[in-house]
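upload_28.txt follows; it contains compact mmCIF, N, CA, C and O atoms.
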# COMPACT_ATOMS: atom_id res chain seq x y z
N MET D 1 204.37 98.70 -88.00
CA MET D 1 203.23 97.98 -88.55
C MET D 1 202.72 96.98 -87.50
O MET D 1 201.94 97.33 -86.66
N ASP D 2 203.21 95.74 -87.52
CA ASP D 2 202.80 94.77 -86.51
C ASP D 2 203.61 95.00 -85.25
O ASP D 2 204.77 95.38 -85.32
N LYS D 3 203.02 94.79 -84.09
CA LYS D 3 203.73 95.01 -82.83
C LYS D 3 203.99 93.69 -82.16
O LYS D 3 203.09 92.89 -81.96
N VAL D 4 205.23 93.45 -81.78
CA VAL D 4 205.63 92.23 -81.11
C VAL D 4 204.80 92.03 -79.86
O VAL D 4 204.60 92.96 -79.08
N GLY D 5 204.31 90.82 -79.67
CA GLY D 5 203.57 90.48 -78.46
C GLY D 5 202.09 90.73 -78.53
O GLY D 5 201.36 90.27 -77.67
N GLU D 6 201.60 91.40 -79.56
CA GLU D 6 200.16 91.62 -79.67
C GLU D 6 199.48 90.35 -80.15
O GLU D 6 200.08 89.52 -80.82
N ILE D 7 198.23 90.23 -79.78
CA ILE D 7 197.41 89.14 -80.28
C ILE D 7 196.23 89.75 -81.00
O ILE D 7 195.47 90.52 -80.41
N TYR D 8 196.11 89.44 -82.27
CA TYR D 8 195.03 89.95 -83.09
C TYR D 8 193.88 88.95 -83.12
O TYR D 8 194.09 87.74 -83.07
N VAL D 9 192.66 89.46 -83.25
CA VAL D 9 191.51 88.62 -83.56
C VAL D 9 191.32 88.75 -85.07
O VAL D 9 191.10 89.86 -85.58
N TYR D 10 191.45 87.64 -85.77
CA TYR D 10 191.37 87.64 -87.22
C TYR D 10 190.13 86.88 -87.65
O TYR D 10 189.83 85.81 -87.11
N ILE D 11 189.39 87.42 -88.61
CA ILE D 11 188.22 86.77 -89.17
C ILE D 11 188.62 86.13 -90.49
O ILE D 11 189.11 86.81 -91.41
N VAL D 12 188.42 84.81 -90.60
CA VAL D 12 188.80 84.06 -91.79
C VAL D 12 187.98 84.52 -92.99
O VAL D 12 186.76 84.67 -92.90
N ARG D 13 188.68 84.75 -94.10
CA ARG D 13 188.07 85.20 -95.35
C ARG D 13 188.17 84.11 -96.40
O ARG D 13 188.98 83.19 -96.25
N PRO D 14 187.40 84.21 -97.48
CA PRO D 14 187.50 83.21 -98.56
C PRO D 14 188.95 83.10 -99.05
O PRO D 14 189.63 84.11 -99.24
N GLY D 15 189.42 81.89 -99.23
CA GLY D 15 190.77 81.64 -99.73
C GLY D 15 191.84 81.59 -98.66
O GLY D 15 192.99 81.27 -98.95
N ASP D 16 191.49 81.91 -97.42
CA ASP D 16 192.48 81.86 -96.33
C ASP D 16 192.85 80.43 -95.97
O ASP D 16 192.02 79.52 -96.07
N TYR D 17 194.08 80.26 -95.58
CA TYR D 17 194.55 79.00 -95.00
C TYR D 17 195.62 79.36 -93.98
O TYR D 17 196.12 80.49 -93.96
N LEU D 18 195.93 78.42 -93.09
CA LEU D 18 196.80 78.73 -91.96
C LEU D 18 198.16 79.28 -92.38
O LEU D 18 198.67 80.21 -91.78
N GLY D 19 198.75 78.72 -93.42
CA GLY D 19 200.06 79.20 -93.87
C GLY D 19 200.03 80.64 -94.31
O GLY D 19 200.93 81.42 -94.00
N ARG D 20 199.01 81.02 -95.04
CA ARG D 20 198.88 82.40 -95.51
C ARG D 20 198.68 83.36 -94.33
O ARG D 20 199.28 84.43 -94.28
N ILE D 21 197.83 82.97 -93.39
CA ILE D 21 197.57 83.81 -92.23
C ILE D 21 198.83 83.96 -91.38
O ILE D 21 199.17 85.06 -90.94
N ALA D 22 199.55 82.86 -91.17
CA ALA D 22 200.79 82.91 -90.39
C ALA D 22 201.80 83.85 -91.04
O ALA D 22 202.42 84.67 -90.35
N LYS D 23 201.94 83.76 -92.34
CA LYS D 23 202.89 84.64 -93.04
C LYS D 23 202.45 86.10 -92.95
O LYS D 23 203.28 86.99 -92.72
N GLN D 24 201.16 86.35 -93.10
CA GLN D 24 200.64 87.71 -93.05
C GLN D 24 200.94 88.38 -91.71
O GLN D 24 201.23 89.57 -91.66
N PHE D 25 200.88 87.61 -90.62
CA PHE D 25 201.08 88.18 -89.29
C PHE D 25 202.45 87.85 -88.70
O PHE D 25 202.67 88.05 -87.51
N ASN D 26 203.37 87.34 -89.52
CA ASN D 26 204.72 87.04 -89.06
C ASN D 26 204.73 86.14 -87.83
O ASN D 26 205.39 86.44 -86.83
N THR D 27 203.98 85.06 -87.91
CA THR D 27 203.93 84.09 -86.82
C THR D 27 204.04 82.70 -87.43
O THR D 27 204.43 82.56 -88.58
N THR D 28 203.74 81.67 -86.66
CA THR D 28 203.84 80.31 -87.17
C THR D 28 202.48 79.62 -87.13
O THR D 28 201.60 79.97 -86.33
N ILE D 29 202.33 78.63 -87.99
CA ILE D 29 201.11 77.83 -87.99
C ILE D 29 200.94 77.16 -86.63
O ILE D 29 199.84 77.14 -86.08
N LYS D 30 202.02 76.64 -86.09
CA LYS D 30 201.94 75.93 -84.80
C LYS D 30 201.41 76.85 -83.70
O LYS D 30 200.55 76.45 -82.90
N LEU D 31 201.90 78.08 -83.62
CA LEU D 31 201.42 78.99 -82.58
C LEU D 31 199.95 79.34 -82.78
O LEU D 31 199.20 79.44 -81.81
N ILE D 32 199.53 79.55 -84.02
CA ILE D 32 198.12 79.82 -84.28
C ILE D 32 197.27 78.63 -83.83
O ILE D 32 196.26 78.79 -83.16
N CYS D 33 197.71 77.43 -84.19
CA CYS D 33 196.97 76.23 -83.81
C CYS D 33 196.92 76.04 -82.30
O CYS D 33 195.87 75.73 -81.75
N ASP D 34 198.05 76.22 -81.64
CA ASP D 34 198.10 76.07 -80.18
C ASP D 34 197.18 77.07 -79.49
O ASP D 34 196.45 76.71 -78.57
N LEU D 35 197.20 78.30 -79.93
CA LEU D 35 196.40 79.35 -79.30
C LEU D 35 194.90 79.17 -79.54
O LEU D 35 194.09 79.57 -78.72
N ASN D 36 194.55 78.52 -80.66
CA ASN D 36 193.15 78.34 -81.02
C ASN D 36 192.66 76.91 -80.88
O ASN D 36 191.55 76.59 -81.32
N ASP D 37 193.48 76.03 -80.31
CA ASP D 37 193.13 74.63 -80.12
C ASP D 37 192.70 73.97 -81.44
O ASP D 37 191.64 73.36 -81.54
N LEU D 38 193.55 74.13 -82.46
CA LEU D 38 193.30 73.56 -83.79
C LEU D 38 194.39 72.56 -84.15
O LEU D 38 195.51 72.67 -83.66
N ASP D 39 194.07 71.64 -85.04
CA ASP D 39 195.08 70.78 -85.64
C ASP D 39 195.72 71.55 -86.78
O ASP D 39 195.07 72.40 -87.40
N GLU D 40 196.97 71.24 -87.10
CA GLU D 40 197.66 71.96 -88.17
C GLU D 40 197.03 71.72 -89.54
O GLU D 40 197.25 72.50 -90.46
N ASP D 41 196.24 70.66 -89.69
CA ASP D 41 195.56 70.41 -90.97
C ASP D 41 194.08 70.79 -90.91
O ASP D 41 193.28 70.37 -91.74
N ALA D 42 193.71 71.64 -89.96
CA ALA D 42 192.32 72.07 -89.79
C ALA D 42 191.83 72.82 -91.03
O ALA D 42 192.58 73.56 -91.66
N ILE D 43 190.58 72.59 -91.36
CA ILE D 43 189.93 73.33 -92.44
C ILE D 43 189.25 74.54 -91.81
O ILE D 43 188.42 74.40 -90.91
N LEU D 44 189.62 75.72 -92.27
CA LEU D 44 189.07 76.94 -91.72
C LEU D 44 187.73 77.25 -92.36
O LEU D 44 187.49 76.95 -93.53
N GLN D 45 186.86 77.88 -91.59
CA GLN D 45 185.53 78.27 -92.06
C GLN D 45 185.50 79.78 -92.25
O GLN D 45 186.00 80.53 -91.40
N ILE D 46 184.89 80.23 -93.33
CA ILE D 46 184.73 81.67 -93.55
C ILE D 46 183.96 82.26 -92.37
O ILE D 46 182.96 81.70 -91.94
N GLY D 47 184.47 83.35 -91.82
CA GLY D 47 183.84 83.99 -90.67
C GLY D 47 184.36 83.50 -89.33
O GLY D 47 184.07 84.09 -88.30
N GLN D 48 185.15 82.43 -89.34
CA GLN D 48 185.74 81.90 -88.11
C GLN D 48 186.70 82.93 -87.51
O GLN D 48 187.45 83.58 -88.23
N GLN D 49 186.68 83.07 -86.19
CA GLN D 49 187.59 83.99 -85.52
C GLN D 49 188.81 83.21 -85.03
O GLN D 49 188.67 82.15 -84.42
N LEU D 50 189.98 83.76 -85.30
CA LEU D 50 191.24 83.17 -84.84
C LEU D 50 192.02 84.19 -84.04
O LEU D 50 192.06 85.37 -84.40
N LEU D 51 192.64 83.75 -82.96
CA LEU D 51 193.59 84.59 -82.23
C LEU D 51 194.94 84.39 -82.88
O LEU D 51 195.38 83.26 -83.08
N ILE D 52 195.61 85.49 -83.24
CA ILE D 52 196.87 85.43 -83.97
C ILE D 52 197.97 86.12 -83.16
O ILE D 52 197.94 87.33 -82.98
N PRO D 53 198.98 85.35 -82.67
CA PRO D 53 200.10 85.98 -81.96
C PRO D 53 201.12 86.52 -82.96
O PRO D 53 201.45 85.88 -83.94
N VAL D 54 201.59 87.73 -82.72
CA VAL D 54 202.58 88.34 -83.60
C VAL D 54 203.96 88.16 -82.96
O VAL D 54 204.20 88.63 -81.85
N LEU D 55 204.85 87.48 -83.67
CA LEU D 55 206.18 87.17 -83.13
C LEU D 55 207.21 88.26 -83.38
O LEU D 55 208.08 88.48 -82.57
N TRP D 56 207.15 88.91 -84.52
CA TRP D 56 208.14 89.93 -84.84
C TRP D 56 207.58 90.88 -85.88
O TRP D 56 206.66 90.55 -86.59
N THR D 57 208.15 92.05 -85.94
CA THR D 57 207.76 93.01 -86.96
C THR D 57 208.53 92.70 -88.23
O THR D 57 209.50 91.93 -88.21
N ARG D 58 208.15 93.28 -89.30
CA ARG D 58 208.81 93.04 -90.58
C ARG D 58 210.25 93.57 -90.59
O ARG D 58 211.06 93.13 -91.37
N SER D 59 210.57 94.49 -89.71
CA SER D 59 211.89 95.11 -89.74
C SER D 59 212.82 94.65 -88.61
O SER D 59 213.92 95.14 -88.51
N TYR D 60 212.39 93.72 -87.76
CA TYR D 60 213.21 93.27 -86.65
C TYR D 60 213.35 91.75 -86.67
O TYR D 60 212.61 91.05 -87.32
N SER D 61 214.28 91.26 -85.89
CA SER D 61 214.50 89.82 -85.77
C SER D 61 213.37 89.17 -85.01
O SER D 61 212.67 89.81 -84.23
N PRO D 62 213.19 87.85 -85.19
CA PRO D 62 212.14 87.13 -84.46
C PRO D 62 212.31 87.27 -82.96
O PRO D 62 213.42 87.25 -82.44
N MET D 63 211.18 87.41 -82.27
CA MET D 63 211.15 87.50 -80.83
C MET D 63 209.99 86.66 -80.32
O MET D 63 209.01 86.47 -81.05
N PRO D 64 210.05 86.15 -79.12
CA PRO D 64 208.93 85.37 -78.60
C PRO D 64 207.70 86.23 -78.41
O PRO D 64 207.79 87.42 -78.13
N ALA D 65 206.54 85.63 -78.61
CA ALA D 65 205.27 86.35 -78.40
C ALA D 65 204.95 86.38 -76.91
O ALA D 65 205.34 85.49 -76.17
N PHE D 66 204.28 87.40 -76.49
CA PHE D 66 203.81 87.52 -75.11
C PHE D 66 202.30 87.34 -75.12
O PHE D 66 201.62 88.01 -75.88
N TYR D 67 201.81 86.43 -74.32
CA TYR D 67 200.38 86.15 -74.29
C TYR D 67 199.75 86.86 -73.13
O TYR D 67 200.33 87.00 -72.07
N PHE D 68 198.52 87.33 -73.33
CA PHE D 68 197.78 87.97 -72.25
C PHE D 68 196.35 87.54 -72.31
O PHE D 68 195.88 86.95 -73.21

As structure tokens, how would this structure be written, given the file I've shared?
Amino acid sequence: MDKVGEIYVYIVRPGDYLGRIAKQFNTTIKLICDLNDLDEDAILQIGQQLLIPVLWTRSYSPMPAFYF
């Protein structure tokens, strides 16, 4: 499903928040914020594009993300 080290471009949808997005892509709020230059309490806008680093797949242990 998700591939370790990939970075997705995610478009914010109604009802999205950083915690939900982080959980969906098996990453952390901090990494999403760092990669997108956001504060952890940032209010997301519908249609906003976020870069999402994937840390691990659902079936494997956590691994560091690789950025490109």

Exercise. Expressed in Å to a single decimal, how great is the separation between atom C of Asp39 of chain D and atom N of Leu18 of chain D?
Worked result: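 Between atom C of Asp39 of chain D and atom N of Leu18 of chain D the gap is 9.3 Å.
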
Exercise. For the atom pair atom CA of Ala42 of chain D and atom CA of Gly5 of chain D, what is the interatomic distance in Å to one decimal place?
Worked result: 24.4 Å

For this session: Would you list the contacts of Ile32 of chain D as a PyMOL selection string, taking every protein, DNA or RNA residue within 12 Å and counting only C-alpha atoms, but skipping same-chain residues closer than 6 positions in sequence?
Result: chain D and resi 7-10+17-23+25-26+38-42+49-55+65

Seminar exercise, completed: atom C of Val12 of chain D to atom N of Leu35 of chain D measures 17.2 Å

Problem set entry | Counting only C-alpha atoms, the option among D:Cys33, D:Glu6, D:Gln24, D:Arg13 closest to Gln48 of chain D |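 Nearest candidate to Gln48 of chain D out of D:Cys33, D:Glu6, D:Gln24, D:Arg13: D:Arg13.
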
Would you mind writing segment 12-23 of chain D with all heavy atoms, as a short mmCIF file (atom, residue, chain, number, x, y, z; two decimals), in the coordinates of the input?
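Saved to part.cif:
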data_model
loop_
_atom_site.label_atom_id
_atom_site.label_comp_id
_atom_site.auth_asym_id
_atom_site.auth_seq_id
_atom_site.Cartn_x
_atom_site.Cartn_y
_atom_site.Cartn_z
N VAL D 12 188.42 84.81 -90.60
CA VAL D 12 188.80 84.06 -91.79
C VAL D 12 187.98 84.52 -92.99
O VAL D 12 186.76 84.67 -92.90
CB VAL D 12 188.62 82.54 -91.55
CG1 VAL D 12 188.92 81.76 -92.82
CG2 VAL D 12 189.52 82.07 -90.40
N ARG D 13 188.68 84.75 -94.10
CA ARG D 13 188.07 85.20 -95.35
C ARG D 13 188.17 84.11 -96.40
O ARG D 13 188.98 83.19 -96.25
CB ARG D 13 188.79 86.44 -95.85
CG ARG D 13 188.75 87.59 -94.89
CD ARG D 13 189.57 88.74 -95.39
NE ARG D 13 189.79 89.68 -94.30
CZ ARG D 13 190.77 90.54 -94.24
NH1 ARG D 13 191.66 90.60 -95.19
NH2 ARG D 13 190.88 91.35 -93.21
N PRO D 14 187.40 84.21 -97.48
CA PRO D 14 187.50 83.21 -98.56
C PRO D 14 188.95 83.10 -99.05
O PRO D 14 189.63 84.11 -99.24
CB PRO D 14 186.59 83.77 -99.65
CG PRO D 14 185.59 84.61 -98.91
CD PRO D 14 186.36 85.21 -97.76
N GLY D 15 189.42 81.89 -99.23
CA GLY D 15 190.77 81.64 -99.73
C GLY D 15 191.84 81.59 -98.66
O GLY D 15 192.99 81.27 -98.95
N ASP D 16 191.49 81.91 -97.42
CA ASP D 16 192.48 81.86 -96.33
C ASP D 16 192.85 80.43 -95.97
O ASP D 16 192.02 79.52 -96.07
CB ASP D 16 191.94 82.54 -95.07
CG ASP D 16 192.09 84.05 -95.08
OD1 ASP D 16 192.87 84.57 -95.89
OD2 ASP D 16 191.42 84.69 -94.26
N TYR D 17 194.08 80.26 -95.58
CA TYR D 17 194.55 79.00 -95.00
C TYR D 17 195.62 79.36 -93.98
O TYR D 17 196.12 80.49 -93.96
CB TYR D 17 195.06 78.03 -96.07
CG TYR D 17 196.13 78.58 -96.97
CD1 TYR D 17 197.48 78.39 -96.66
CD2 TYR D 17 195.81 79.29 -98.12
CE1 TYR D 17 198.47 78.89 -97.48
CE2 TYR D 17 196.80 79.80 -98.94
CZ TYR D 17 198.12 79.58 -98.63
OH TYR D 17 199.11 80.08 -99.44
N LEU D 18 195.93 78.42 -93.09
CA LEU D 18 196.80 78.73 -91.96
C LEU D 18 198.16 79.28 -92.38
O LEU D 18 198.67 80.21 -91.78
CB LEU D 18 196.98 77.50 -91.07
CG LEU D 18 195.75 77.13 -90.24
CD1 LEU D 18 195.94 75.76 -89.58
CD2 LEU D 18 195.46 78.19 -89.20
N GLY D 19 198.75 78.72 -93.42
CA GLY D 19 200.06 79.20 -93.87
C GLY D 19 200.03 80.64 -94.31
O GLY D 19 200.93 81.42 -94.00
N ARG D 20 199.01 81.02 -95.04
CA ARG D 20 198.88 82.40 -95.51
C ARG D 20 198.68 83.36 -94.33
O ARG D 20 199.28 84.43 -94.28
CB ARG D 20 197.71 82.52 -96.48
CG ARG D 20 197.49 83.96 -96.95
CD ARG D 20 196.29 84.08 -97.84
NE ARG D 20 196.60 83.45 -99.12
CZ ARG D 20 195.70 83.20 -100.06
NH1 ARG D 20 194.44 83.52 -99.88
NH2 ARG D 20 196.06 82.64 -101.20
N ILE D 21 197.83 82.97 -93.39
CA ILE D 21 197.57 83.81 -92.23
C ILE D 21 198.83 83.96 -91.38
O ILE D 21 199.17 85.06 -90.94
CB ILE D 21 196.40 83.26 -91.40
CG1 ILE D 21 195.11 83.30 -92.23
CG2 ILE D 21 196.23 84.03 -90.10
CD1 ILE D 21 193.96 82.52 -91.62
N ALA D 22 199.55 82.86 -91.17
CA ALA D 22 200.79 82.91 -90.39
C ALA D 22 201.80 83.85 -91.04
O ALA D 22 202.42 84.67 -90.35
CB ALA D 22 201.37 81.50 -90.25
N LYS D 23 201.94 83.76 -92.34
CA LYS D 23 202.89 84.64 -93.04
C LYS D 23 202.45 86.10 -92.95
O LYS D 23 203.28 86.99 -92.72
CB LYS D 23 203.00 84.21 -94.50
CG LYS D 23 204.01 85.00 -95.28
CD LYS D 23 204.15 84.47 -96.69
CE LYS D 23 205.18 85.28 -97.44
NZ LYS D 23 205.36 84.79 -98.80
#
